[in-house]
>>> print(open('final-v3.txt').read())   # compact mmCIF, C-alpha atoms
# COMPACT_ATOMS: atom_id res chain seq x y z
CA MET A 1 104.11 102.73 71.07
CA ILE A 2 107.42 100.99 71.23
CA GLY A 3 107.93 98.01 73.46
CA ARG A 4 110.11 94.97 73.74
CA LEU A 5 109.12 91.45 74.65
CA GLN A 6 111.63 88.86 75.75
CA ALA A 7 110.70 85.21 76.05
CA PRO A 8 112.57 81.96 75.39
CA ALA A 9 112.24 80.67 71.82
CA SER A 10 111.67 77.11 72.94
CA VAL A 11 110.38 75.77 76.24
CA ARG A 12 109.60 72.40 77.78
CA HIS A 13 106.01 71.20 78.02
CA GLY A 14 104.30 72.55 81.14
CA GLU A 15 107.37 74.28 82.44
CA ALA A 16 107.03 77.85 83.70
CA PHE A 17 109.09 80.32 81.72
CA GLU A 18 109.70 84.00 82.37
CA VAL A 19 108.31 86.65 80.07
CA ARG A 20 109.80 90.13 80.30
CA VAL A 21 108.19 93.21 78.82
CA LEU A 22 109.62 96.70 78.57
CA MET A 23 107.39 99.48 77.30
CA GLN A 24 108.50 102.95 76.32
CA HIS A 25 106.23 105.43 78.08
CA THR A 26 106.67 108.53 80.28
CA MET A 27 103.98 107.40 82.77
CA GLU A 28 102.94 111.00 83.58
CA THR A 29 101.51 111.06 87.09
CA GLY A 30 99.47 114.22 86.64
CA PHE A 31 101.28 115.80 89.59
CA ARG A 32 104.07 117.38 87.58
CA ARG A 33 104.06 120.90 86.17
CA ASP A 34 105.65 122.28 83.05
CA LEU A 35 107.88 125.38 82.89
CA ASN A 36 104.84 127.69 82.89
CA GLY A 37 103.43 126.08 86.03
CA LYS A 38 100.65 124.38 84.13
CA ALA A 39 99.79 120.88 85.28
CA ILE A 40 100.86 118.15 82.86
CA PRO A 41 97.83 115.88 82.39
CA MET A 42 98.03 112.33 83.68
CA ASN A 43 98.89 109.77 81.06
CA ILE A 44 99.87 106.27 82.09
CA ILE A 45 99.73 102.78 80.65
CA ASP A 46 96.78 101.52 82.65
CA LYS A 47 96.21 98.10 81.13
CA VAL A 48 98.58 95.36 80.02
CA THR A 49 97.34 91.98 78.80
CA CYS A 50 99.24 88.91 77.73
CA ARG A 51 97.68 86.15 75.64
CA PHE A 52 99.19 82.84 74.65
CA ALA A 53 97.58 81.03 71.72
CA GLY A 54 94.54 83.29 72.10
CA ILE A 55 94.00 82.62 75.82
CA GLU A 56 94.63 85.36 78.36
CA VAL A 57 97.39 84.19 80.70
CA PHE A 58 98.28 87.42 82.48
CA SER A 59 96.96 90.94 82.84
CA ALA A 60 97.89 93.96 84.89
CA GLU A 61 96.35 97.29 85.83
CA LEU A 62 99.10 99.76 86.43
CA GLY A 63 98.84 103.01 88.38
CA SER A 64 100.93 106.15 88.53
CA GLY A 65 103.16 104.38 91.07
CA ILE A 66 104.88 102.37 88.36
CA ALA A 67 108.14 103.86 87.12
CA ALA A 68 108.50 105.46 83.69
CA ASN A 69 109.21 102.99 80.90
CA PRO A 70 107.38 100.21 82.75
CA TYR A 71 109.13 96.87 83.10
CA LEU A 72 107.17 93.75 83.89
CA ALA A 73 108.33 90.19 84.35
CA PHE A 74 105.97 87.28 84.93
CA PHE A 75 105.70 83.55 84.37
CA VAL A 76 103.66 81.56 81.87
CA THR A 77 103.33 77.84 81.14
CA ALA A 78 102.69 76.42 77.68
CA ASP A 79 101.17 73.08 76.64
CA ALA A 80 101.54 73.56 72.89
CA SER A 81 103.49 75.85 70.57
CA GLY A 82 101.91 79.20 69.89
CA GLU A 83 102.27 82.92 69.73
CA LEU A 84 102.68 85.02 72.85
CA VAL A 85 101.11 88.46 72.42
CA VAL A 86 101.43 91.35 74.86
CA GLU A 87 99.19 94.37 74.33
CA TRP A 88 98.93 97.59 76.30
CA SER A 89 97.06 100.88 76.16
CA ASP A 90 97.44 104.25 77.86
CA ASP A 91 94.99 106.89 79.12
CA ARG A 92 94.93 108.60 75.73
CA GLY A 93 93.89 105.37 74.06
CA GLU A 94 97.21 104.78 72.36
CA ARG A 95 98.06 101.13 71.98
CA GLY A 96 101.15 99.02 71.76
CA ARG A 97 101.71 95.41 70.83
CA SER A 98 104.60 93.01 70.86
CA SER A 99 104.66 89.30 70.11
CA ALA A 100 106.98 86.30 70.14
CA LYS A 101 106.70 82.75 68.78
CA ILE A 102 107.20 80.04 71.37
CA GLU A 103 107.93 76.45 70.48
CA VAL A 104 107.15 73.66 72.94
CA ARG A 105 109.53 70.71 72.88
CA MET B 1 94.89 153.75 116.52
CA ALA B 2 98.32 152.29 115.85
CA ARG B 3 97.42 149.32 117.98
CA ASP B 4 94.23 148.84 116.05
CA ALA B 5 96.13 148.83 112.76
CA GLU B 6 98.57 146.31 114.20
CA MET B 7 95.71 144.05 115.23
CA ARG B 8 94.17 144.22 111.79
CA ARG B 9 97.51 143.48 110.20
CA ARG B 10 97.95 140.42 112.40
CA HIS B 11 94.46 139.26 111.67
CA PHE B 12 95.05 139.72 107.95
CA LEU B 13 98.32 137.80 108.11
CA SER B 14 96.82 134.87 109.97
CA VAL B 15 93.84 134.65 107.63
CA ALA B 16 95.95 135.08 104.50
CA GLY B 17 98.46 132.56 105.81
CA ALA B 18 95.78 129.99 106.46
CA ALA B 19 94.22 130.60 103.05
CA LEU B 20 97.57 130.30 101.30
CA THR B 21 98.42 127.07 103.07
CA GLY B 22 95.02 125.67 102.18
CA ALA B 23 95.36 126.73 98.55
CA ALA B 24 98.85 125.31 98.31
CA LEU B 25 97.72 121.96 99.70
CA ASP B 26 94.88 121.83 97.19
CA ALA B 27 97.06 122.78 94.26
CA TRP B 28 99.99 120.50 95.10
CA PRO B 29 98.77 117.16 96.32
CA GLN B 30 102.21 115.74 95.59
CA THR B 31 103.92 117.52 98.47
CA PHE B 32 105.59 115.23 100.97
CA GLN B 33 102.90 113.46 102.89
CA PRO B 34 102.83 111.36 106.04
CA PRO B 35 102.00 107.66 105.77
CA GLN B 36 98.29 107.20 105.40
CA ASP B 37 96.18 104.41 106.80
CA ILE B 38 95.82 101.85 104.01
CA ALA B 39 93.59 99.54 106.10
CA PRO B 40 90.38 100.84 104.42
CA LEU B 41 91.91 100.24 101.00
CA ILE B 42 92.90 96.69 101.97
CA ALA B 43 89.39 96.11 103.36
CA LYS B 44 87.95 97.32 100.05
CA ILE B 45 90.08 94.84 98.11
CA THR B 46 89.47 91.90 100.43
CA GLY B 47 85.81 92.71 100.89
CA GLY B 48 86.17 92.47 104.66
CA ALA B 49 88.02 89.15 104.70
CA THR B 50 91.05 89.01 106.98
CA SER B 51 94.48 88.64 105.44
CA VAL B 52 97.19 86.43 106.93
CA ARG B 53 100.78 87.58 106.86
CA SER B 54 102.53 84.57 105.33
CA GLY B 55 103.91 83.21 102.11
CA VAL B 56 104.59 86.52 100.38
CA GLU B 57 108.24 87.27 99.77
CA ILE B 58 109.17 90.79 98.66
CA GLU B 59 112.58 91.56 97.21
CA LEU B 60 113.05 95.27 97.60
CA PRO B 61 116.30 97.11 98.33
CA ALA B 62 116.54 98.22 101.98
CA LEU B 63 117.93 101.52 100.75
CA ALA B 64 116.67 103.00 97.49
CA GLU B 65 118.62 106.00 96.31
CA ASN B 66 116.07 107.17 93.79
CA GLY B 67 112.38 106.70 94.48
CA ASN B 68 111.53 107.23 90.82
CA SER B 69 112.52 103.71 89.93
CA VAL B 70 112.87 101.02 92.58
CA PRO B 71 113.25 97.42 91.37
CA MET B 72 110.90 95.01 93.09
CA ARG B 73 110.24 91.29 92.89
CA ILE B 74 107.33 89.49 94.50
CA LYS B 75 107.12 85.76 95.12
CA VAL B 76 104.02 84.13 96.54
CA ALA B 77 104.27 80.55 97.82
CA SER B 78 101.60 78.64 95.92
CA PRO B 79 101.41 75.34 94.00
CA MET B 80 99.65 77.27 91.17
CA SER B 81 97.36 74.34 90.39
CA ASP B 82 93.77 74.58 89.16
CA ALA B 83 92.48 74.09 92.71
CA ASP B 84 94.97 76.28 94.54
CA HIS B 85 96.54 79.28 92.83
CA VAL B 86 97.12 83.00 93.21
CA LYS B 87 94.43 84.99 91.45
CA ALA B 88 95.69 88.51 91.93
CA ILE B 89 98.57 90.46 93.45
CA TYR B 90 98.20 94.06 94.69
CA ILE B 91 101.07 96.40 95.54
CA LEU B 92 100.26 99.09 98.11
CA ALA B 93 102.51 101.96 99.21
CA GLU B 94 101.19 103.88 102.22
CA ARG B 95 103.00 107.12 101.48
CA ASN B 96 102.29 107.47 97.78
CA PRO B 97 99.60 109.92 96.68
CA ARG B 98 97.88 106.96 95.02
CA PRO B 99 98.59 104.02 97.33
CA LEU B 100 97.52 101.25 94.93
CA LEU B 101 100.52 100.95 92.62
CA ALA B 102 99.42 98.04 90.48
CA THR B 103 97.17 95.01 90.25
CA PHE B 104 98.32 91.81 88.56
CA HIS B 105 95.96 89.02 87.52
CA LEU B 106 97.38 85.50 87.41
CA GLY B 107 95.99 82.03 87.02
CA SER B 108 96.85 78.35 87.14
CA HIS B 109 98.56 78.69 83.72
CA SER B 110 101.08 81.12 85.21
CA GLY B 111 103.03 78.20 86.63
CA ARG B 112 104.72 80.35 89.21
CA ALA B 113 103.40 83.28 91.26
CA GLU B 114 106.29 85.61 90.69
CA ILE B 115 106.25 89.20 89.40
CA ALA B 116 109.01 91.73 88.87
CA THR B 117 108.58 95.42 88.13
CA ARG B 118 109.94 98.86 88.95
CA VAL B 119 107.93 101.17 91.21
CA ARG B 120 107.87 104.81 92.23
CA LEU B 121 108.04 105.48 95.97
CA ALA B 122 107.27 108.86 97.54
CA GLY B 123 109.52 108.60 100.55
CA THR B 124 110.69 106.13 103.17
CA GLN B 125 107.83 103.81 103.89
CA ARG B 126 106.41 100.33 104.27
CA VAL B 127 105.30 98.58 101.10
CA THR B 128 102.52 96.01 101.44
CA VAL B 129 101.87 93.27 98.92
CA LEU B 130 98.47 91.61 99.09
CA ALA B 131 97.78 88.36 97.25
CA GLU B 132 94.34 86.96 96.54
CA LEU B 133 94.26 83.17 96.47
CA SER B 134 91.68 81.00 94.76
CA GLY B 135 88.95 80.26 97.28
CA GLY B 136 88.79 83.87 98.43
CA ARG B 137 91.64 83.74 100.92
CA PHE B 138 94.13 86.58 101.25
CA VAL B 139 97.78 86.64 102.30
CA HIS B 140 100.13 89.58 102.54
CA GLY B 141 103.72 90.53 103.13
CA VAL B 142 105.45 93.79 103.99
CA ALA B 143 108.83 95.34 103.25
CA ASP B 144 110.38 98.49 104.68
CA VAL B 145 112.32 100.67 102.31
CA LEU B 146 114.40 103.77 102.94
CA VAL B 147 114.15 106.23 100.05
CA THR B 148 116.73 109.01 99.93
CA SER B 149 115.25 110.89 96.98
CA ALA B 150 111.49 110.54 96.78
CA ALA B 151 109.41 110.29 93.64
CA CYS B 152 106.26 112.35 92.92
CA LEU B 153 107.82 115.50 94.35
CA ASP B 154 108.08 118.50 92.11
CA GLU B 155 111.49 120.14 92.54
CA SER B 156 109.88 123.58 92.91
CA THR B 157 107.82 122.50 95.93
CA MET B 158 110.50 120.57 97.74
CA GLY B 159 112.17 123.48 99.49
CA THR B 160 115.89 123.27 99.87
>>> encode(input="final-v3.txt", output="structure tokens")
Amino acid sequence: MIGRLQAPASVRHGEAFEVRVLMQHTMETGFRRDLNGKAIPMNIIDKVTCRFAGIEVFSAELGSGIAANPYLAFFVTADASGELVVEWSDDRGERGRSSAKIEVR
Amino acid sequence: MARDAEMRRRHFLSVAGAALTGAALDAWPQTFQPPQDIAPLIAKITGGATSVRSGVEIELPALAENGNSVPMRIKVASPMSDADHVKAIYILAERNPRPLLATFHLGSHSGRAEIATRVRLAGTQRVTVLAELSGGRFVHGVADVLVTSAACLDESTMGT
């Protein structure tokens, strides 16, 4: 799955910086019907996790009440340079991953 | 005789009408629904602990034209230290078919208890944000939003 991660390339030690994630997904609620009146099965990104240098710093459980192509913004602090990895998975088990290198000054 | 037939027809109509309404409600849970009581859901999250209304700031437009995507930003006043930080944030919408929109897990390494996302809202309603603090305390904030075009509604069931 396609997704985009935006984070500053370099940050100051211990300072909170904003991480923005945009994932491409229809977020089917399961309430909609197709042209033949058949229910479209529910399929949403239910789990998003963010790790920095291997440690989980943020995670989210999304429901059908989150808009299509989910956008998330949250804050993280860093003590040392490392890689920020955001991973997500949907109801069908499909996974997505996006990462960014962050340098601590 | 004619009267008898009329009576049967009426009876049939009332029964069929009731059955149809019941069937329709079962088949289309996404039809416009009144606000539901989210107190039991909050109690389930807090585990019976009382929540204080303070320190949660919700940035939500007062008027949302399209309920399918409403930008939202949540700020919780917290020092975000090891001893005192926000552990989790819950977004609850009383009129959505599934009231719990999302759960976010934070920690002392978040630095700031602030989240932004885009939500779906099924109609004009009050959105509640519940934050779980370290030490088992809960705080919450509310925001009223007017939605002109609701999400979760199938066009075919909306009527005109």
>>> atom_distance(input="final-v3.txt", atom1="atom CA of A:Ala7", atom2="atom CA of B:Ser110")
13.9 Å
>>> interface_residues(input="final-v3.txt", of="chain A", to="chain B", cutoff="9 Å", atoms="only C-alpha atoms", output="PyMOL selection string")
chain A and resi 14-17+20+29+31-33+46+57-68+70-78
>>> write_last_selection(input="final-v3.txt", atoms="C-alpha atoms", output="PDB file, keeping the file's coordinate frame")
ATOM      1  CA  GLY A  14     104.300  72.550  81.140  1.00  0.00           C
ATOM      2  CA  GLU A  15     107.370  74.280  82.440  1.00  0.00           C
ATOM      3  CA  ALA A  16     107.030  77.850  83.700  1.00  0.00           C
ATOM      4  CA  PHE A  17     109.090  80.320  81.720  1.00  0.00           C
ATOM      5  CA  ARG A  20     109.800  90.130  80.300  1.00  0.00           C
ATOM      6  CA  THR A  29     101.510 111.060  87.090  1.00  0.00           C
ATOM      7  CA  PHE A  31     101.280 115.800  89.590  1.00  0.00           C
ATOM      8  CA  ARG A  32     104.070 117.380  87.580  1.00  0.00           C
ATOM      9  CA  ARG A  33     104.060 120.900  86.170  1.00  0.00           C
ATOM     10  CA  ASP A  46      96.780 101.520  82.650  1.00  0.00           C
ATOM     11  CA  VAL A  57      97.390  84.190  80.700  1.00  0.00           C
ATOM     12  CA  PHE A  58      98.280  87.420  82.480  1.00  0.00           C
ATOM     13  CA  SER A  59      96.960  90.940  82.840  1.00  0.00           C
ATOM     14  CA  ALA A  60      97.890  93.960  84.890  1.00  0.00           C
ATOM     15  CA  GLU A  61      96.350  97.290  85.830  1.00  0.00           C
ATOM     16  CA  LEU A  62      99.100  99.760  86.430  1.00  0.00           C
ATOM     17  CA  GLY A  63      98.840 103.010  88.380  1.00  0.00           C
ATOM     18  CA  SER A  64     100.930 106.150  88.530  1.00  0.00           C
ATOM     19  CA  GLY A  65     103.160 104.380  91.070  1.00  0.00           C
ATOM     20  CA  ILE A  66     104.880 102.370  88.360  1.00  0.00           C
ATOM     21  CA  ALA A  67     108.140 103.860  87.120  1.00  0.00           C
ATOM     22  CA  ALA A  68     108.500 105.460  83.690  1.00  0.00           C
ATOM     23  CA  PRO A  70     107.380 100.210  82.750  1.00  0.00           C
ATOM     24  CA  TYR A  71     109.130  96.870  83.100  1.00  0.00           C
ATOM     25  CA  LEU A  72     107.170  93.750  83.890  1.00  0.00           C
ATOM     26  CA  ALA A  73     108.330  90.190  84.350  1.00  0.00           C
ATOM     27  CA  PHE A  74     105.970  87.280  84.930  1.00  0.00           C
ATOM     28  CA  PHE A  75     105.700  83.550  84.370  1.00  0.00           C
ATOM     29  CA  VAL A  76     103.660  81.560  81.870  1.00  0.00           C
ATOM     30  CA  THR A  77     103.330  77.840  81.140  1.00  0.00           C
ATOM     31  CA  ALA A  78     102.690  76.420  77.680  1.00  0.00           C
TER      32      ALA A  78
END
>>> residues_around(input="final-v3.txt", residues="A:Arg92", least_positions_apart="6", cutoff="12 Å", atoms="all atoms listed in the file", output="PDB file with C-alpha atoms, keeping the file's coordinate frame")
ATOM      1  CA  MET A   1     104.110 102.730  71.070  1.00  0.00           C
ATOM      2  CA  HIS A  25     106.230 105.430  78.080  1.00  0.00           C
ATOM      3  CA  MET A  27     103.980 107.400  82.770  1.00  0.00           C
ATOM      4  CA  GLU A  28     102.940 111.000  83.580  1.00  0.00           C
ATOM      5  CA  PRO A  41      97.830 115.880  82.390  1.00  0.00           C
ATOM      6  CA  MET A  42      98.030 112.330  83.680  1.00  0.00           C
ATOM      7  CA  ASN A  43      98.890 109.770  81.060  1.00  0.00           C
ATOM      8  CA  ILE A  44      99.870 106.270  82.090  1.00  0.00           C
ATOM      9  CA  ILE A  45      99.730 102.780  80.650  1.00  0.00           C
ATOM     10  CA  ASP A  46      96.780 101.520  82.650  1.00  0.00           C
ATOM     11  CA  LYS A  47      96.210  98.100  81.130  1.00  0.00           C
TER      12      LYS A  47
END
>>> atom_distance(input="final-v3.txt", atom1="atom CA of B:Pro79", atom2="atom CA of B:Gly55")
11.6 Å
>>> atom_distance(input="final-v3.txt", atom1="atom CA of A:Asp79", atom2="atom CA of A:Val48")
22.7 Å
>>> closest_residue(input="final-v3.txt", among="B:Ser54, B:Ser78, B:Gln36, B:Asn66", to="B:Ser134", atoms="all atoms listed in the file")
B:Ser78
>>> residues_near_point(input="final-v3.txt", point="(104.4, 99.5, 73.3)", cutoff="6 Å", atoms="only C-alpha atoms", output="list in words")
Met1, Ile2, Gly3, Met23, Gly96 and Arg97 of chain A
>>> closest_residue(input="final-v3.txt", among="B:Arg8, B:Pro61, B:Leu133, B:Ala150", to="B:Ser81", atoms="all atoms listed in the file")
B:Leu133
>>> axis_aligned_box(input="final-v3.txt", around="stretch 62-68 of chain B", padding_each_side="6 Å", output="lines of an AutoDock Vina configuration file")
center_x = 115.1
center_y = 102.7
center_z = 96.4
size_x = 19.1
size_y = 21.0
size_z = 23.2
>>> residues_around(input="final-v3.txt", residues="A:Val11", least_positions_apart="5", cutoff="7 Å", atoms="only C-alpha atoms", output="VMD selection string")
chain A and resid 103 to 105
>>> residues_around(input="final-v3.txt", residues="A:Leu84", least_positions_apart="6", cutoff="7 Å", atoms="only C-alpha atoms", output="mmCIF file with C-alpha atoms, in the coordinates of the input")
data_model
loop_
_atom_site.group_PDB
_atom_site.id
_atom_site.type_symbol
_atom_site.label_atom_id
_atom_site.label_comp_id
_atom_site.auth_asym_id
_atom_site.auth_seq_id
_atom_site.Cartn_x
_atom_site.Cartn_y
_atom_site.Cartn_z
ATOM 1 C CA ARG A 51 97.680 86.150 75.640
ATOM 2 C CA PHE A 52 99.190 82.840 74.650
ATOM 3 C CA ALA A 53 97.580 81.030 71.720
ATOM 4 C CA SER A 99 104.660 89.300 70.110
ATOM 5 C CA ALA A 100 106.980 86.300 70.140
ATOM 6 C CA LYS A 101 106.700 82.750 68.780
ATOM 7 C CA ILE A 102 107.200 80.040 71.370
#
>>> residues_around(input="final-v3.txt", residues="B:Gly135", least_positions_apart="5", cutoff="10 Å", atoms="all atoms listed in the file", output="PyMOL selection string")
chain B and resi 83-87
>>> closest_residue(input="final-v3.txt", among="B:Leu130, B:Met72, B:Asp37, B:Glu65", to="B:Val147", atoms="only C-alpha atoms")
B:Glu65
